[in-house]
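Down below is the structure, laid out as structure tokens.
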Amino acid sequence: MNYLITGGAGFVGSHLTEYFLNRGDSVSIVDDLSTGAWANVAPFEGRPNFRAYVADAADPVLLEGLIREADFVFHLASSVGVQLIVSQPVDAIRRIIRPTENVVDLCAKYRRPVLLTSTSETYGKSDDAPFREEMDVVLGPSCKNRWAYAVAKLVDEFYLLAHHRQTSLPVYITRLFNVVGPRQTGAYGMALPRFVSAALRGEPLKVCGDGLQTRCFSSVFDIVEGLARLSESKEAVGQAVNLGSDEEISIRELAERVVKICDSKSPIEFVDYESVYGPNFDDMRRRVPSLERARKLIDWSPKRTLDEIIVEARDWQLATGRF
Ligand SMILES: NC(=O)c1ccc[n+]([C@@H]2O[C@H](COP(=O)([O-])OP(=O)(O)OC[C@H]3O[C@@H](n4cnc5c(N)ncnc54)[C@H](O)[C@@H]3O)[C@@H](O)[C@H]2O)c1
């Protein structure tokens, strides 16, 4: 297979690239390195089945050539996480919607199947966990910036589904829930890599609010396996599928586990959401996926435990000195 992966120098994208290269497939990536890093894919340089373009996935000319040559397109290029939406709202919204419009229109022109990585943020404030793909959602108002991330990703989802309905394009949508592992940076607010870095540096682990909000953390290696299986499933076309872990943990307990696994003396410090995200910030208390659809469609469920995931993140930060 000849895969095109936008956002391929990012955290998830680089693991997906490596997975297909190791399987003997060809992979081209397009990444503008806005949040990704060349170091993530530098080890693949020189492999005959790997090509990389440092460019904007909204570039119609470059993408036209690459999509024409591809058998399947994974569209991961996007701003990621709520912190970017809060600090750079215009760029962050643009970076979600424009590349998607470009990529999906070209996929329709050349009849190439395309998979979008959407997010658990699209479930909004619902506390009706576990979240099923077709449940109703409640989002916050536009004066609360964080919801721009969920809304922009939902616009992406609608755009893929619109093409599916109107042009019969084979589209795949997956909603990822807190994916973590080696190569993930804490620079854009992701809790686990930030906690691991702080623990390794002996600095306080900063937990927002009372820390009793819960999340579910999944290993990037499990997710990459799920993405590959999804792309090979005819039944998954035209519907959203959750991928993540359903092992729930409070952020406070996560911080405690990280301190223990890193054998650290770091204290845990509770800070106001406002001091991190600015005024008027909304957060959800729970975020748990229903994995029923993923099990049924692609016989997938996560394999790694949270402790294994924390150990992998720790060992990678120690080995690369990126903490
Ligand atoms: N990691 C998670 O927990 C998580 C959760 C939900 C959804 N997702 C989705 O998964 C995908 C990958 O996320 P990630 O965690 O690997 O983050 P990441 O920031 O490491 O990856 C995104 C990549 O896209 C690139 N990019 C951004 N805008 C671009 C543009 N206009 N043109 C070309 N490249 C561009 C960035 O440089 C980066 O390499 C994203 O679509 C994200 O929304 C991730």
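Quick note on naming: the chains in the structure tokens go A, B, ... in the order shown, residues restart at 1 in each chain, and ligands are numbered from 1 in order of appearance.
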| task | Output as a PyMOL selection string all residues of segment 189-242 of chain A that backbone DSSP marks as strand (DSSP E or B). | result | chain A and resi 205-208+214-216+218-219+240-242
Expected file contents, prior selection, N, CA and C atoms, as a compact mmCIF listing (two decimals), in the first residue's frame:
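Printed below is out-v4.txt as written:
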```txt
# COMPACT_ATOMS: atom_id res chain seq x y z
N LEU A 205 4.28 18.71 40.37
CA LEU A 205 3.33 18.31 39.33
C LEU A 205 2.08 19.16 39.52
N LYS A 206 1.74 19.98 38.53
CA LYS A 206 0.63 20.91 38.70
C LYS A 206 -0.67 20.29 38.21
N VAL A 207 -1.60 20.12 39.16
CA VAL A 207 -2.91 19.51 38.86
C VAL A 207 -3.96 20.61 38.90
N CYS A 208 -4.78 20.69 37.83
CA CYS A 208 -5.81 21.73 37.79
C CYS A 208 -7.02 21.36 38.65
N THR A 214 -11.77 12.93 35.90
CA THR A 214 -11.16 11.68 35.45
C THR A 214 -10.94 11.69 33.94
N ARG A 215 -9.95 10.91 33.51
CA ARG A 215 -9.68 10.71 32.09
C ARG A 215 -9.26 9.25 31.91
N CYS A 216 -9.17 8.84 30.63
CA CYS A 216 -8.74 7.47 30.32
C CYS A 216 -7.55 7.59 29.36
N SER A 218 -4.67 6.04 26.82
CA SER A 218 -4.39 4.84 26.02
C SER A 218 -3.01 4.95 25.38
N SER A 219 -2.44 3.79 25.11
CA SER A 219 -1.09 3.75 24.53
C SER A 219 -1.15 4.02 23.03
N ALA A 240 -18.46 7.34 12.90
CA ALA A 240 -17.40 7.62 13.86
C ALA A 240 -17.16 6.40 14.74
N VAL A 241 -15.91 6.18 15.11
CA VAL A 241 -15.57 5.04 15.99
C VAL A 241 -14.62 5.55 17.09
N ASN A 242 -14.99 5.33 18.35
CA ASN A 242 -14.11 5.69 19.46
C ASN A 242 -12.91 4.77 19.51
```
* Asked: Residues at most 7 Å from ligand 1, using only C-alpha atoms and all ligand atoms? Could they come as a PyMOL selection string?
  -> chain A and resi 6-13+30-37+55-58+76-80+95+99+117-120+175-180+184
Give me, as a tab-separated table, the closest atom pair and its distance (Å, one decimal) for every residue of segment 113-151 of chain A within a cut-off of 8 Å of segment 287-298 of chain A, counting only C-alpha atoms, rows sorted by chain and rising number.
```
residue	atom	partner	partner_atom	distance
A:Ser120	CA	A:Arg287	CA	7.5
A:Asp127	CA	A:Arg287	CA	7.8
A:Ala129	CA	A:Val288	CA	5.7
A:Pro130	CA	A:Val288	CA	4.9
A:Phe131	CA	A:Pro289	CA	4.8
A:Arg132	CA	A:Ser290	CA	5.3
A:Glu133	CA	A:Ser290	CA	7.8
```
### Query
Tell me, which residues of segment 191-276 of chain A carry DSSP helix (DSSP H, G or I), written as a VMD selection string?
chain A and resid 191 to 201 220 to 231 251 to 261 273 to 276
Min atom-atom distance to Ala152 of chain A from the set A:Arg257, A:Arg68, A:Lys109, A:Arg94, counting only C-alpha atoms, belongs to A:Arg94
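For the pair atom CA of Lys153 of chain A and atom CA of Ile97 of chain A, the interatomic distance is 7.6 Å.
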Q | Distance query Ser231 of chain A at most 9 Å, only C-alpha atoms, self and fewer than 3 positions along chain excluded, as a count of residues only | A | 12
Surrounding residues of Tyr159 of chain A excluding itself and chain neighbours under 2 positions, 12 Å, only C-alpha atoms, as a PyMOL selection string
chain A and resi 96-105+108+114+116+152-157+161-167+169+171-173+238
For Arg23 of chain A, work out the shell of residues within 12 Å, counting only C-alpha atoms and skipping chain neighbours fewer than 3 positions away, then give it as a PyMOL selection string. chain A and resi 1-3+16-20+26-27+49+225+228
Shortest contact to Val258 of chain A, candidates A:Ser233, A:Ser197, A:Gln239, A:Gln317, atoms counted only C-alpha atoms, goes to A:Ser197
Residues within 7 Å of Leu212 of chain A, only C-alpha atoms, excluding chain neighbours under 4 positions, as a PDB file with C-alpha atoms, in the first residue's frame:
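Generated file (selection38.pdb):
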```pdb
ATOM      1  CA  SER A 250      -8.543  10.837  38.351  1.00  0.00           C
ATOM      2  CA  ILE A 251      -5.870  13.368  37.433  1.00  0.00           C
ATOM      3  CA  ARG A 252      -4.813  13.518  41.084  1.00  0.00           C
TER       4      ARG A 252
END
```
In Å and to one decimal, atom CA of Tyr123 of chain A is distant from atom CA of Glu232 of chain A by 25.7 Å
Using only C-alpha atoms, which residues sit within 12 Å of Gln88 of chain A once same-chain residues fewer than 2 positions away are excluded, as a count of residues only?
20
For Arg286 of chain A, the closest of A:Asp25, A:Glu248, A:Glu308, A:Glu45 counting only C-alpha atoms is A:Glu248
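Shortest separation to Arg285 of chain A among A:Gly244, A:Pro141, A:Pro48, A:Gly124 occurs at residue A:Gly124, atoms counted being only C-alpha atoms.
Coordinates place atom CA of Ala150 of chain A at a distance of 19.6 Å from atom CA of Glu274 of chain A.
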